[in-house]
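To keep things clear, I will list the structure first and then write my remarks on it.
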Amino acid sequence: MSSNFKSTTLPSYKDNTKPTNNRSLFQTESDNIKSNDEFQGSFTPIADSTSAHRVEHYFRDIFTKLPYNTQRAYISDYNEFALFCRQNGLGGFSATFEHNEYCVKKYVEVLCRSPLAYRTIKRRLSALSKFLGVAKLPNPIIQSAYLRDFIRLSLIENRKFRFSQKQAVPLTIEMLEQINNAIIPDSLLELRDVAIINLMFDALLRADELVRVCVEDISARNNSLLVVSSKNDQSGQGQYRFVSSSTISMVQEYINEANLDPKTKLPRHTSDLRGLHSGILFRRLTNHKTALLPFNEHVPSYKANVLNYSSIYRIWQRIAKRAGIRENITPHSGRVGGAVSLAEDGASLPELQLAGGWQSPEMPGHYTKQANVKRGGMAKLSAKRNR
């Protein structure tokens with residue numbers, strides 16, 4: 001499958017009137033990246049033909065073998081920088097150190113005025129540094145003490161560090177029990193929504209992982225969920241997460257209800273596309289909320305009948321309101337809350353990593369800082385004094 005990128009060649013720095021004919025980094029077709037509108041864009045051109053060849057060789061020999069998510073991240077980051085260059089009349093990277101330093105500095109200024117998180121800005125700069133290294137062009141991100149200090153101080157000044165520390169309100173085990181006690185599902189809509197909340201808590205799922213869960217991925221015998229495609233699963237082999245028996249029962253009730261015709265109360269035939277016999281588990285409902293919309297991944301007109309982040313967000317808001325939860329819980333609250341609840345219950349860091357599929361202990365350690373506060377000296381003193 002060929003890529004569907006629209007490559008826009010920017011003018012070189014030395015000549016702002018004549019466009020360069022060099023091909024951009026990902027102008028070549030790739031079988032590893034699916035055609036998708038969100039990938040369309042332009043990539044950073046380089047005026048030097050030798051550097052362009054180095055980039056082409058890297059693309060052919062290395063890039064197409066990288067994990068899909070890594071390719072996707074690089075493509076997105078290069079597209080954003082290319083768009084910035086075009087909008088600001090810059091010629092992209094060249095063999096001139098001062099010019100590259102100027103381009104990156106201006107780009108950092110724009111990024112720091114945006115609502116992007118600190119880690120996102122650092123990732124974008126890391127992608128540009130990688131590109132410069134591949135092309136063997138002067139890399140001020142590494143070599144310029146001035147630029148390094150400028151980046152660091154700009155991030156501090158714009159309070160990106162503080163913004164990056166904000167995390168979703170945790171959905172704790174107590175809040176989850178409040179939801180389950182307050183909402184007794186009596187419709188397909190509520191059966192689906194309550195199952196979603198519980199599954200995201202148990203398996204510490206992100207929204208993008210939830211929408212890809214299939215009926216076949218859940219094992220009642222092993223109390224497990226196979227997360228086929230995950231942000232941290234660069235190998236693409238999948239990760240297994242724990243699912244409680246109560247959550248599995250909720251999911252099964254939802255499936256059973258979806259497979260009943262609301263008019264006849266008879267089971268749907270396996271060929272009925274409104275049934276839930278296989279494939280994507282959580283789908284959109286009809287306007288009357290009594291049946292699933294027909295779905296078949298091979299029928300283009302039916303592909304839109306699955307959930308996306310916006311619909312998942314609305315589900316969380318609706319459930320919170322029904323259960324009387326005043327905190328602003330979001331789709332990421334289940335993952336954060338699951339980690340915090342595990343930490344409060346004394347789970348070790350390796351156990352947290354396994355529960356959430358984290359490869360590094362950094363993120364679960366970050367998520368569980370709140371739990372550690374309750375174990376500190378002041379917490380113990382307050383407990384002794386009944387404060």
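Each chain in the structure tokens gets a letter, A, B, ..., in the order shown, and its residues are numbered from 1; ligands are numbered from 1 in order too.
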
Neighbour list for region 278-288 of chain A as a ChimeraX atom specification, cut-off 9 Å, only C-alpha atoms, skip fewer than 3 positions in-chain:
/A:188-189,192-193,196,210-216,251,255,275,291-297,304-307,311

DSSP-assigned helix (DSSP H, G or I) among region 112-154 of chain A, expressed as an NGL selection string:
:A and (112 or 118-135 or 140-143 or 145-154)

Counting only C-alpha atoms, the residue among A:Pro185, A:Pro115, A:Gly324, A:Gly92 that lies closest to Phe131 (chain A) is A:Gly92

List as a PyMOL selection string the protein and nucleic acid residues near region 102-107 of chain A, meaning an atom at most 7 Å away when only C-alpha atoms are counted, but skip any in the same chain fewer than 4 places from it.
chain A and resi 98+111+147

Using all heavy atoms, can you export the residues from the last selection as a PDB file, in the first residue's frame?
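Produced file part_38.pdb, reproduced below:
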ATOM      1  N   GLU A  98      24.269  28.562  11.426  1.00  0.00           N
ATOM      2  CA  GLU A  98      23.525  29.716  11.937  1.00  0.00           C
ATOM      3  C   GLU A  98      22.070  29.698  11.468  1.00  0.00           C
ATOM      4  O   GLU A  98      21.160  30.068  12.214  1.00  0.00           O
ATOM      5  CB  GLU A  98      24.198  31.022  11.511  1.00  0.00           C
ATOM      6  CG  GLU A  98      25.534  31.287  12.177  1.00  0.00           C
ATOM      7  CD  GLU A  98      26.668  30.453  11.591  1.00  0.00           C
ATOM      8  OE1 GLU A  98      26.459  29.807  10.518  1.00  0.00           O
ATOM      9  OE2 GLU A  98      27.759  30.426  12.187  1.00  0.00           O
ATOM     10  N   LEU A 111       6.194  27.165  19.469  1.00  0.00           N
ATOM     11  CA  LEU A 111       5.734  26.041  20.274  1.00  0.00           C
ATOM     12  C   LEU A 111       5.413  26.467  21.706  1.00  0.00           C
ATOM     13  O   LEU A 111       4.440  25.994  22.306  1.00  0.00           O
ATOM     14  CB  LEU A 111       6.798  24.935  20.298  1.00  0.00           C
ATOM     15  CG  LEU A 111       7.051  24.189  18.988  1.00  0.00           C
ATOM     16  CD1 LEU A 111       8.172  23.183  19.175  1.00  0.00           C
ATOM     17  CD2 LEU A 111       5.796  23.498  18.499  1.00  0.00           C
ATOM     18  N   LEU A 147      21.393  27.740  22.033  1.00  0.00           N
ATOM     19  CA  LEU A 147      20.067  27.228  21.711  1.00  0.00           C
ATOM     20  C   LEU A 147      19.544  26.311  22.812  1.00  0.00           C
ATOM     21  O   LEU A 147      18.362  26.355  23.159  1.00  0.00           O
ATOM     22  CB  LEU A 147      20.098  26.481  20.374  1.00  0.00           C
ATOM     23  CG  LEU A 147      18.732  26.000  19.851  1.00  0.00           C
ATOM     24  CD1 LEU A 147      17.791  27.174  19.654  1.00  0.00           C
ATOM     25  CD2 LEU A 147      18.900  25.223  18.540  1.00  0.00           C
TER      26      LEU A 147
END

Interatomic distance between CA of Lys289 (chain A) and CA of Ser187 (chain A)?
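CA of Ser187 (chain A) lies at a distance of 7.9 Å from CA of Lys289 (chain A).
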
May I ask which of the residues A:Ile75, A:Leu381, A:Leu155, A:Ala258 is the closest one to Arg124 (chain A), counting only C-alpha atoms?
A:Ile75

From a DSSP pass on the backbone, collect the residues of region 233-301 of chain A flagged as strand (DSSP E) and hand them back as a ChimeraX atom specification.
/A:239-242

Dump as a short mmCIF file (atom, residue, chain, number, x, y, z; two decimals), in the first residue's frame, selection limited to N, CA and C atoms:
data_model
loop_
_atom_site.label_atom_id
_atom_site.label_comp_id
_atom_site.auth_asym_id
_atom_site.auth_seq_id
_atom_site.Cartn_x
_atom_site.Cartn_y
_atom_site.Cartn_z
N GLN A 239 -0.38 -6.87 24.33
CA GLN A 239 -0.15 -6.95 25.77
C GLN A 239 -1.40 -7.50 26.44
N TYR A 240 -1.19 -8.30 27.48
CA TYR A 240 -2.31 -8.84 28.23
C TYR A 240 -2.55 -8.03 29.49
N ARG A 241 -3.81 -7.66 29.73
CA ARG A 241 -4.19 -6.92 30.92
C ARG A 241 -5.25 -7.71 31.69
N PHE A 242 -5.29 -7.53 33.00
CA PHE A 242 -6.26 -8.22 33.83
C PHE A 242 -7.64 -7.57 33.72
#

Can you tell me, as a PyMOL selection string, what residues are no more than 10 Å from Tyr313 (chain A) when counting only C-alpha atoms, ignoring any on the same chain fewer than 2 positions away?
chain A and resi 207+308-311+315-318+329-332

Contacts of Val340 (chain A) at 10 Å (only C-alpha atoms; same-chain gap of 4+ positions) as a ChimeraX atom specification
/A:170-173,334-336,344-347,352,364-372

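The interatomic distance for the pair CA of Ala182 (chain A) and CA of Val194 (chain A) works out to 10.8 Å.
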